[in-house]
Structure formats: structure tokens, C-alpha cells
Amino acid sequence: MRSQPRSAAADALTRTAGWAAVFVVLAVSGWLVGSVLGHGLQEVSWSFLTSEPLDAGRNGGIGTVLVSTALVLSVCLGIAVPLGVGAAVWLSEFARPSSRPVALIRRSLDLLASVPSIVFGLFGMVVFCQELRLGFSIAAGGLTLACMILPLVVQTTFAGLRSVPDELRLGAAALAISRSTALRHLLLPAALHGVVVGVMLGLGRAAAETAALIFTSGYVTRMPESLLDSGRTVSVHIYDLAMNVPGGEARAYASAAVLLCLLLIVNVAAAVLADRWLRHQTARVS
Amino acid sequence: MIESLSNPLLSANAQGWSLCRGGCAVMCAVLAVTFLSGCGAEPDSQAVVRDNGDIEPARGSGNLKLSGKLVLTGSSTVAPLAVEIAKRFETEHPDVRVDVQTGGSSRGIADALSGVADLGLASRALKKDEVEQGLVGHQLAIDGVSVIVNADNPLSSLTSGQVVQLFTGAITNWSELGGEDADVVIVNKAEGRATLEVFLNHFGLKNEQITADVVVGDNQHGIKTVAGNRLAIGYVSIGAAQSEADLGTPIRVLPVDGIELTTENVASGAFKITRPLLIVSKGEPTGLAAAFLDYAKSPQMHDLIRAQGFEAVTQ
Amino acid sequence: MGDPKLQTSAPDDDIAKMTQCDAALTEHPAAHSSDVFRIDGLNVAYGNRPALRDVNLSVRCQRITAIVGPSGCGKSTFLCVLNRLTDLIPGCQVSGRVRLEGEDILSREYDVFVLRRRVGMVFQKPNPFALSIRRNLALPLKEHRVAANEIDGIIELSLRDVGLWDEVKDRLDQSALELSGGQQQRLCIARALALQPEVILFDEPCSALDPLAGSVVEDLIRELQERITVLIVTHNLAQARRIADDVAVFWHGDGTGTVIECGSAADVFESPTSEITAAYVAGARG
Amino acid sequence: MKQSRSNSWLNGDRWLERLLRLAAAMSGCLTLLIVAFVFWQALPALRDPGVARFVSDSVWRPTDETAPQFGMTPMLVGSGLVTLGAVLLATPLALFSVIVAEFYSSRTLAWLLRRVLELLNGVPSVVFGFWGLVVLVPLINAWHPPGQSLLAGILVLTLMLIPTVALATDASLRAVPNELYRSAAALGIGRGAVVWKLAVPLARRGMVAGVLLGAARAVGETMAIVIVCGNIVQMPDSLFDPVRTITANIALEMGYATSGHRAALFATGLLLMLTSSLFVAGAGLLRRRRGRR
């Protein structure tokens, strides 16, 4: 970056290296995702998606597990997104960049991001399950995951907001537009990709998490009746089948394939909705 | 300039300490609210169980109406079995909820001691100090530990002495045992695992004597490692090894000292590298816990136990 | 101020003021009833680094005051003081007295939102929001609680004022970013005008535009003078000569800017009192 | 009238600010809470064998009845090497992929790439680990036994980091307004220069944030690492040697640990957090110094 290559050469180099990188990334991801889908999809059927696991998961389906997963993720995102986006907005738009609280909060979030997820699990177990008497429950699992993905949401949203040029802020201020309006109509739309990416990264991470959930939302495969019931999520199910249940491999692949397909649907939906909302925002008749 | 402009602020000065204090206060408030709601929810789990203490004479009989919630935590080896037993128990007693949680034998023991769980699950025998603290182990099933190698390995059996030599590094090349000329890859289990303790006890080894090349955690981890490495030798739970070998995973169970490692040999006691699978209670269990324990130990459970690759205890 | 009635009556006030305006040059720094801004002993510093020192200036009503001087002498900073955009710059300290029609705008009690509505600003780089043309104008109007049924009228009026109406009336709901640079800048001026300000600050409004678009904007500014007080920062001395009624020359010594000469355009360009000014404006002559 | 209206706007802002500040403060306090929790759990070990022993003991043998040993250095080195390797591999891959998506490819491919990355991000780490064990480890084993090694860990972790780094970078690249590129192109500036002199510097903050998040994830990653790294507590001599990271150690032993051993495991977790926070602080300092220059 610091060297100043001649433009054409830089262009060619960047292009070559870039395509090579894209090729590597796509090939390896394709390999991984392909092998999961290839092994898994043949086992997937409607009854697999709707029924309860039987024989430690070797038979039956993952219906109840999917419900628990959806509930845990809702609790998690319902807490982490408002909190994280709010914190990022404050850090970026309201606080002085060099002030101590900002440095402190950002530093501590960096620290939080590197806490091993199993430690989050033990933390959640002691604080949410035991001290707060939530027991092994979907609520406790969601709260634990929310703590875990918070740094991700904050940092990506923050980075997105910081990439918005300051002219926009000055322009809005010069028109005496309040900061709440500027945020809602100008800054957040401009930073929308950052926010969406933050949420998507958080969602993916939460959906993929195992260690933190074994200790909090638990291992129970019964259909949850409330947020205070224990419920096994798909990734815990996959972990158990792959690492703990002899002969569970086929069903582990099938569950992983389902998880990937659901994530794909959510991600595509989010991307399309974000694009459409942006267009709508630009064109909306006042 | 961009850097310095980067935080627009209308004279709102962020005061570090008031901020932190405010944050703490809110955190406490949130925790308090959750705490209260948590308390409100509690009676329908614990208190009912306690109510069941009154109908204690109903031990084991399925005719009497049992209700309430039972929490079991512990060994990830026992948990799948416990889940299946719990499911069957729930169908017989529709008002009962049995929640099984994993996290390891130590956790099961700790949770049974602290009362976090009504019953604990352990895949090893209780230690002396644990018994002194009032824990009682109820044997649910028995599990053997078998030595496995890759399916490509030409060896057909080993003696105890050879196992010891292999694992302590006295034999480092397969050719010394008539195999191909390549280094042995020793797959050991992680510190604290019941399988490791059983293995060490049986062969009279100490963990630091073992010259491991790879350390694994769960049984499946060990099986996949050996399956993926021609030169590997390891040891895993016998039920897991056999069911994986039957499914076509390229591993082979090696008889040690000529004793075929069948679950029958484990059950009869001919095969000695075994460990008990326990349900742990603090003191003698009462009420719902006792009913569940009796149910779990009853012969009707033997099909479930075998389906998970373990051997039932015949008393 | 948000009351539409008040707005429509504002031009009448301006006309009334205009009649009071004295054609003669205001003697600096003496007070004059027709002064819109009176700046006394203004000092600005970024952290420890002073940017402006002891600026004294009066700005006359319904005139174009050009602020000229070399780069980095604090001209733009000076503009930002006049609508307190300096508030947005961390570490920026402003002292002295700046009075807008007698009220000290630097005092804590003075409401910046009112100030920024009364004193509009147009930046060097056109900065339309990434919204439709209509919403670019409607957003600040709504923010200032202008009745919804009047907004369309004001939009049309403002766009007509800047000569943009005929060019864009059929595509009001398209993104403002699709306009050309000159059109964008006129949109920004229209956006500022829509709020009926008493003063508009221009920070080198033509320098980022091509000459043709620049001259359109320049003509526009000259027309505005009939209704509004204009302050314009410019590097272009020829432009200052063409449009300015009054001129203030900023210069920097020791990295700190200050006013070295001010007066009517004729005086400053034809008979400068300071040698530096004489040398500087010689460039404009030649 | 002017006053009351504008004050109501200001009040709206003020309430919003309070709300947001609360969110920020809660986020900060959460960390304090977690650090405090880990510290509290680790306290017995910090007292009894003491911090010095964590460094001075040569081996990790916390359950030995006669002379327990608590040497954490090899595991800390293991964590460091795995993280470093993965970050070094993942950052250029992610950066270049994103640049291609943003500047060199059709919108369809860019869209596809983003979805693939998002998908990859949601793959449970146990699946990464399992895939690594079944596919990658045998390949490495054929080359240099035993296969489960530092290299396997680095490769699997690289794959896991790419989405985090790439998507965070992508978000900030996309936030740079398009006109900027257009006007640069209009000035006849080549695409290579636009990328390296305009886009990358502008999106630098997002990239750094992405890399830091990725590094943090690498440090904290557990399941996949346990499965592919071999878990031998040793200083690796080569890429093909098995290593045990601190997180792997926690995952392997926590379920079976009692009192003193458990506290020692928490102490390793604390050590890991402290080390990584030192690195983050160091990176921050470096960034600031370079920014000043």
C-alpha cells in the first residue's frame, strides 16, 4: 500500500492476485459446503424437518431442534442488535473519538471478541442459569449468545458508520437537521451495509455456536413450551451426532445441510431486503 | 482533518465515570428484573419435585401418577442413553419432564453435589472423596475400552506387553510387530477422560509415560483420527468402535491377549478394560428421582442400553 | 420560525431592512444598524493550535461579502464559526463575540438549531444526500415542521429560484446523485434556500465545478443578494471582483489567520491600505 | 416560540443520546462482568500455584497428585502460532477477494461471493473441524505424519476467518461513496491506483476492524482447533508438529476438571485474554503512531 506502483502494473497485479484469491476462496468454500450438502441433502425429507429426534438422533428428524434454534436466535438477535447498533451509533456519532470511554469500550469489545466461546458458555451457565435462576433455558442460551456476538455487531456497524464521509454530517448539521433525523434518514442508510453485515455475521456465528450453548440452552430435544425450557440447537445437535454418537455422521451431515440452507435463505433475504430498502429510501415520495 | 472531524458532537461531553456508573446501574437493574422473573418461574420446576417427596412410597411403580421436572446433567457418553431412557419414562408418565444436559462427568458430579441437578451422570467410578461427600453411584451400564487400529493395518492381535511398549514408545515402528516400515502414531485421550483412566489403570501406566502423537477428546474424534491415518493406534469406547466398524468406517478392533472384545465378554467380565456408567445422586434419592432411577435400572431398559453400544449390568 | 406564516412574512422583513441599509461602507469595527453579523475579537483554536486570531468584522445586510486570502488562513473555519459548525469539530475552541442581529450566537443559551436555520451554508463540494431530489429538499423542511401541504410548493419555489425546476421537474423522485455536478450544487443551494435563511454562507461554491456550471452558480449568487445576505469564501479574486459588494482579506502569520483588510470591493481592490493586500490583489488585476 | 420548538428537537436528540450511551455503557460493562467472572473463577489458581508457576513450570500436568505442574507457555505459543498463521493467510485472501468483488467483477459474481462468504460464516465450527479431520488431515498425513498439526489448524482456521475479515472489509469499502470512484475515473486515474490509493485507505478502518475481529475469533476458536490440531502440549518445531492451544485445552479438560484444575483452566483463559488484549492495544498504538506521521 505504501509503495506506489505504476498504475497499469498495479492494476494488472491486483486483478491477477484478486482473481486468484477469489478462486481459492470459492473453491475451498465450495469444497466444504459441497461436501456437507452432498452428504447431507439425501437424508433430508419433509418428515426429517418436522419430526423429533429418535435414538439419540440417529433416527427421526430435527423439527424440535429447529424450533429451539429459531427461538435461541431470536432472543439473541433481539438483544444484541439493538444494544450493539445503539452502542456503535453512540461511539461513532455522539462520543468524542479520543475520549476515554470510547477507547475503553472499544478496547473492551476487542477483548470480548477473543474470549473463547466455551468461557462464554461457563459464564452464561453461572450468571444466567444459576444466579438469575433461568435454568437451562432458551432464554439463557440467547442471552449468552448475545454477549458473544455483541462485539461483532458493534465493530462492523461502527466501521460502517465511520466510512460515511463527514460532509454528510456537516451538510445535515448546516441544514439544522437533528441528529436523530440525520441518523435515521442519512447516516444509517449510508452505513446500512455495515449494519447488515454485522447482523449477518452475528447471526451466522450464533447459529454456528456449540460450546456456549451446551452449558446454557442445553441438550433437551423436546418441543420447547416457553423460553424458560431447555432446547437443543442445530449446531449442538450436529456436534453431538458427529462427536458423541457412534453412527451419527449421516444425520450430522443432514442437519448441517439444513442449517446451511436455512442460513442461505436468511442471508439472501437480508441482502435483497437491504437493497430494496435502500432503493426505497432513495426514491420514497415524501 | 478527517480524523479530527470524525466525531461530530454538539458539546455533549462524554464523562467517563458517570458513563460507567450509569452503565453499571442499568446492568444491575436488568439483572434484577431478569432475576425476579426467573424466580417467578421457578416454582413450577423445583417445588413440584419437592411436593413429590410426599408420595415417596410410589417408588418404581408406574401406576401412580408422577409429575414434576427432573434435571440430569453430566457425562456426554451417558447423555444420549439417558435421553432415550428419559423419553420412554416421559411417555409412561406424561406429566413428568426429564431434562438431560451434558458437560462431562465432573460436571455431573459437581451438579449432583451442589443440587443444580437432581441426578448426575458419570462415565467413571466415583472417587473416594466424592463418596465421602455423600454421593451414591448407581450403575446403569458398563462400557469397555478397546484398542483400535486403521483397517489397513495388517496386525490381527496384540498382547498387553505390546500395547504397553507401543504406548510408552519402546516400539516406535510398525515393522517391529511385523507391519510396514513406518512410524507408529499413538492416539491418546485427553487428561481427565474416563477412558484414559481405565486404560492407564488396566495397563499399569502413568499418563506421562505415554508418548502420544495426537491427543483426542471424544470417542468419535479418536475413531475418525485412526480411520484417517494408516499408522495410528488408539483406544476408544467399545460400543462406539464396534458400531462404527459395522458402518464401514476403516477401523479395526484389536483383541488384546486373545480376548475378543465383544460386548458379551464385557458383560461376563472376561474382558477387563471396563468402566461403569453411573447415575449419581446425593444420598439415596427420593420421590421422582428415585422413581426414575428404578426405571432406568430396570431390565426394560436393556434394549436402549445395547442400542447405544453399551452393555447392561445383570445383577 | 417553523410557522409557515412567519416564513412567508420573512422576506417582507428583509425588504424593510434593505431600506435601512446604508449604501456606504461600514467603518470597521464600528457598529451599524444594518449589520447582520458583528464579529469582535474572535479567536479559534484546534486544540493548542490557534487557527484564527482577533478577527473583527461586520457583515452588511443584503450584500455579498467575499472572503479572500491564501489557502490555510482560516477562511473556511471562519465560515463554520458563523453557524457554529465548529461545534462538530472535537477540540475546536471558539472565543470572542459573534452577534447575529445583536444576539450573541456563541453563548451557550443560543439555540444552534435556530441559528443554522437562519444562517444556511453551501459547501465547496456539492453534498446532496443519497435520496431523491424531492426528499433532499423535503427532509430539512419536515425536520423544521413545515406543514406537509406546503412542502411541494416550497420545493418548486426553491428549485425555480436556482433555475433547476425545468431541468428536474419530471424526475423529482430520482436520486439526486444522478444530477451533474453543477446541478447538484444548485440543488444544495435550493435546499438551503428552502429554509428561508437570512444569511447564506458559501464555501468556495464554484471551485469544484466546471467553468460553465460555476458561472451559472455565480450568477445565481448574484441574484440571491436581492433577498439574502451572502458570505462567500473564494480563491478566485476575479470572481470576488465580479460579485462582491464588500471584501475581507484574510492572511496568515505564524500559522494563525486574521483579517488584514476589509471594506467595499472597490476600496479593497483599487486602493488597498495594506501592502500585503496590494500585492495579493495585484494577482486579480493581472 | 422558536425556543420551545427547537428545544423539543434538542430534547429528542438528548433522549436518543442517553439511550445510545446506555447501550454503549452496557456493552462495556458486559466485558467487565465477563473478565470479572473469569478472574473470580481463576482466583484459586492465581493464589495457589501462582502466576509465576504458569510460566516457570515446563509441563502441563495439573492433575498429578504428587507434584502438579502448570506450565502454560507451550499452549500460549500454540494459540499464538495458530492465530498468526491463520491471520496472515486469511487477510490477503479476504482483502483481494473483496477488491475483486467491488472493482473487477460483475455484480452477479460479487453478489454470489458475498452469499458464499456469509454461508461460510454460518458453518458450525464442528463442521469445519470434522471436514478438516476427514479431508485435510489425511492429506497432510500422507505428506508428513501425523497429519493433525499446526498446519492443519492454521488452514482450517484460515477458512473460518476469511468470511469475518472479508465481510467487514467489504462493508466499509461499500460505504465509500461511488461518486468518489467515478470522479477519480473521470480524472483518468487507473483502477489499480483507485483501489490502492483511494478505496483501501478510506476503508482502512473497516479493514483493521475486520482483521482484529478475525484475529480475535482465531484466538477464541475452540471446537475446530481441538479436532485438527493434535493437542500435544509442546513447543512445535515445524508446521507438521501437533500443538495444543489454550482454548483446545479448556475444551478438552473443562468437562472433567474439578476444583484446582478447573481454576487453573480459567487462569489459562485469563492469560489468553490478557495476551490478546495486549496485542490489540499494541496494534492500536502502532496504528495511532502511523496515523500521526
# chains A, B, ... in the order shown; residues from 1 in each chain; ligands from 1

call {"tool": "interface_residues", "arguments": {"of": "chain D", "to": "chain B", "cutoff": "6 Å", "atoms": "only C-alpha atoms", "output": "VMD selection string"}}
result
chain D and resid 22 25 to 26 138 230 to 232 252 255 to 256

call {"tool": "interface_residues", "arguments": {"of": "chain D", "to": "chain A", "cutoff": "6 Å", "atoms": "only C-alpha atoms", "output": "list in words"}}
result
Asp13, Leu20, Arg21, Ala23, Ala24, Gly28, Thr31, Leu93, Phe96, Ser97, Val100, Asn121, Gly122, Val123, Pro124, Ala168, Ala171, Ser172, Ala175, Gly190, Arg191, Gly192, Ala193, Gly206, Ala216, Arg217, Val219, Gly220 and Ser277 of chain D

call {"tool": "interface_residues", "arguments": {"of": "chain C", "to": "chain B", "cutoff": "10 Å", "atoms": "only C-alpha atoms", "output": "PyMOL selection string"}}
result
chain C and resi 46+84-92+108+112

call {"tool": "closest_atom_pairs", "arguments": {"of": "chain C", "to": "chain A", "cutoff": "6 Å", "atoms": "only C-alpha atoms", "output": "tab-separated table"}}
result
residue	atom	partner	partner_atom	distance
C:Phe113	CA	A:Ala176	CA	5.1
C:Arg116	CA	A:Ala176	CA	5.2
C:Arg117	CA	A:Ala176	CA	5.8
C:Met121	CA	A:Ala174	CA	5.9
C:Leu131	CA	A:Thr282	CA	4.0
C:Ser132	CA	A:Ala283	CA	5.1
C:Asp173	CA	A:Ala283	CA	5.4

call {"tool": "write_last_selection", "arguments": {"atoms": "C-alpha atoms", "output": "compact mmCIF listing (two decimals), in the first residue's frame"}}
result
# COMPACT_ATOMS: atom_id res chain seq x y z
CA PHE C 113 -30.82 24.85 15.51
CA ARG C 116 -28.42 27.15 11.47
CA ARG C 117 -31.85 27.73 10.12
CA MET C 121 -24.42 27.03 4.25
CA LEU C 131 -32.02 10.49 -1.52
CA SER C 132 -34.37 11.55 -4.27
CA ASP C 173 -38.15 11.13 -7.45

call {"tool": "atom_distance", "arguments": {"atom1": "atom CA of Val71 of chain B", "atom2": "atom CA of Gly120 of chain B"}}
result
8.5 Å

call {"tool": "select_by_dssp", "arguments": {"residues": "segment 65-103 of chain C", "states": "alpha helix (DSSP H)", "output": "PyMOL selection string"}}
result
chain C and resi 75-82

call {"tool": "write_last_selection", "arguments": {"atoms": "all heavy atoms", "output": "mmCIF file, in the first residue's frame"}}
result
data_model
loop_
_atom_site.group_PDB
_atom_site.id
_atom_site.type_symbol
_atom_site.label_atom_id
_atom_site.label_comp_id
_atom_site.auth_asym_id
_atom_site.auth_seq_id
_atom_site.Cartn_x
_atom_site.Cartn_y
_atom_site.Cartn_z
ATOM 1 N N LYS C 75 -10.171 30.794 6.417
ATOM 2 C CA LYS C 75 -11.420 31.329 5.857
ATOM 3 C C LYS C 75 -12.592 30.384 6.109
ATOM 4 O O LYS C 75 -13.659 30.818 6.550
ATOM 5 C CB LYS C 75 -11.274 31.543 4.331
ATOM 6 C CG LYS C 75 -10.105 32.415 3.933
ATOM 7 C CD LYS C 75 -10.136 32.720 2.456
ATOM 8 C CE LYS C 75 -9.989 31.496 1.558
ATOM 9 N NZ LYS C 75 -8.674 30.885 1.576
ATOM 10 N N SER C 76 -12.357 29.101 5.814
ATOM 11 C CA SER C 76 -13.448 28.155 5.988
ATOM 12 C C SER C 76 -13.803 28.003 7.459
ATOM 13 O O SER C 76 -14.977 27.892 7.828
ATOM 14 C CB SER C 76 -13.063 26.788 5.422
ATOM 15 O OG SER C 76 -12.833 26.903 4.044
ATOM 16 N N THR C 77 -12.781 28.000 8.307
ATOM 17 C CA THR C 77 -13.027 27.942 9.747
ATOM 18 C C THR C 77 -13.913 29.108 10.167
ATOM 19 O O THR C 77 -14.861 28.950 10.937
ATOM 20 C CB THR C 77 -11.696 28.007 10.503
ATOM 21 O OG1 THR C 77 -10.870 26.950 10.067
ATOM 22 C CG2 THR C 77 -11.909 27.922 11.995
ATOM 23 N N PHE C 78 -13.607 30.277 9.601
ATOM 24 C CA PHE C 78 -14.381 31.465 9.945
ATOM 25 C C PHE C 78 -15.856 31.257 9.591
ATOM 26 O O PHE C 78 -16.742 31.547 10.394
ATOM 27 C CB PHE C 78 -13.796 32.673 9.202
ATOM 28 C CG PHE C 78 -14.583 33.928 9.386
ATOM 29 C CD1 PHE C 78 -14.624 34.561 10.615
ATOM 30 C CD2 PHE C 78 -15.315 34.467 8.324
ATOM 31 C CE1 PHE C 78 -15.356 35.711 10.795
ATOM 32 C CE2 PHE C 78 -16.056 35.619 8.504
ATOM 33 C CZ PHE C 78 -16.085 36.236 9.734
ATOM 34 N N LEU C 79 -16.102 30.727 8.379
ATOM 35 C CA LEU C 79 -17.491 30.463 7.989
ATOM 36 C C LEU C 79 -18.170 29.509 8.969
ATOM 37 O O LEU C 79 -19.318 29.699 9.345
ATOM 38 C CB LEU C 79 -17.552 29.861 6.586
ATOM 39 C CG LEU C 79 -17.490 30.784 5.376
ATOM 40 C CD1 LEU C 79 -18.019 30.065 4.155
ATOM 41 C CD2 LEU C 79 -18.267 32.066 5.595
ATOM 42 N N CYS C 80 -17.410 28.479 9.345
ATOM 43 C CA CYS C 80 -18.006 27.479 10.233
ATOM 44 C C CYS C 80 -18.376 28.055 11.590
ATOM 45 O O CYS C 80 -19.278 27.561 12.262
ATOM 46 C CB CYS C 80 -17.057 26.291 10.419
ATOM 47 S SG CYS C 80 -16.973 25.262 8.948
ATOM 48 N N VAL C 81 -17.646 29.131 12.000
ATOM 49 C CA VAL C 81 -17.993 29.767 13.272
ATOM 50 C C VAL C 81 -19.371 30.407 13.167
ATOM 51 O O VAL C 81 -20.168 30.356 14.096
ATOM 52 C CB VAL C 81 -16.937 30.826 13.650
ATOM 53 C CG1 VAL C 81 -17.412 31.649 14.831
ATOM 54 C CG2 VAL C 81 -15.608 30.179 13.954
ATOM 55 N N LEU C 82 -19.668 30.959 11.987
ATOM 56 C CA LEU C 82 -20.877 31.762 11.860
ATOM 57 C C LEU C 82 -22.155 30.944 11.967
ATOM 58 O O LEU C 82 -23.212 31.502 12.258
ATOM 59 C CB LEU C 82 -20.863 32.537 10.529
ATOM 60 C CG LEU C 82 -19.695 33.523 10.390
ATOM 61 C CD1 LEU C 82 -19.836 34.319 9.108
ATOM 62 C CD2 LEU C 82 -19.620 34.464 11.583
#
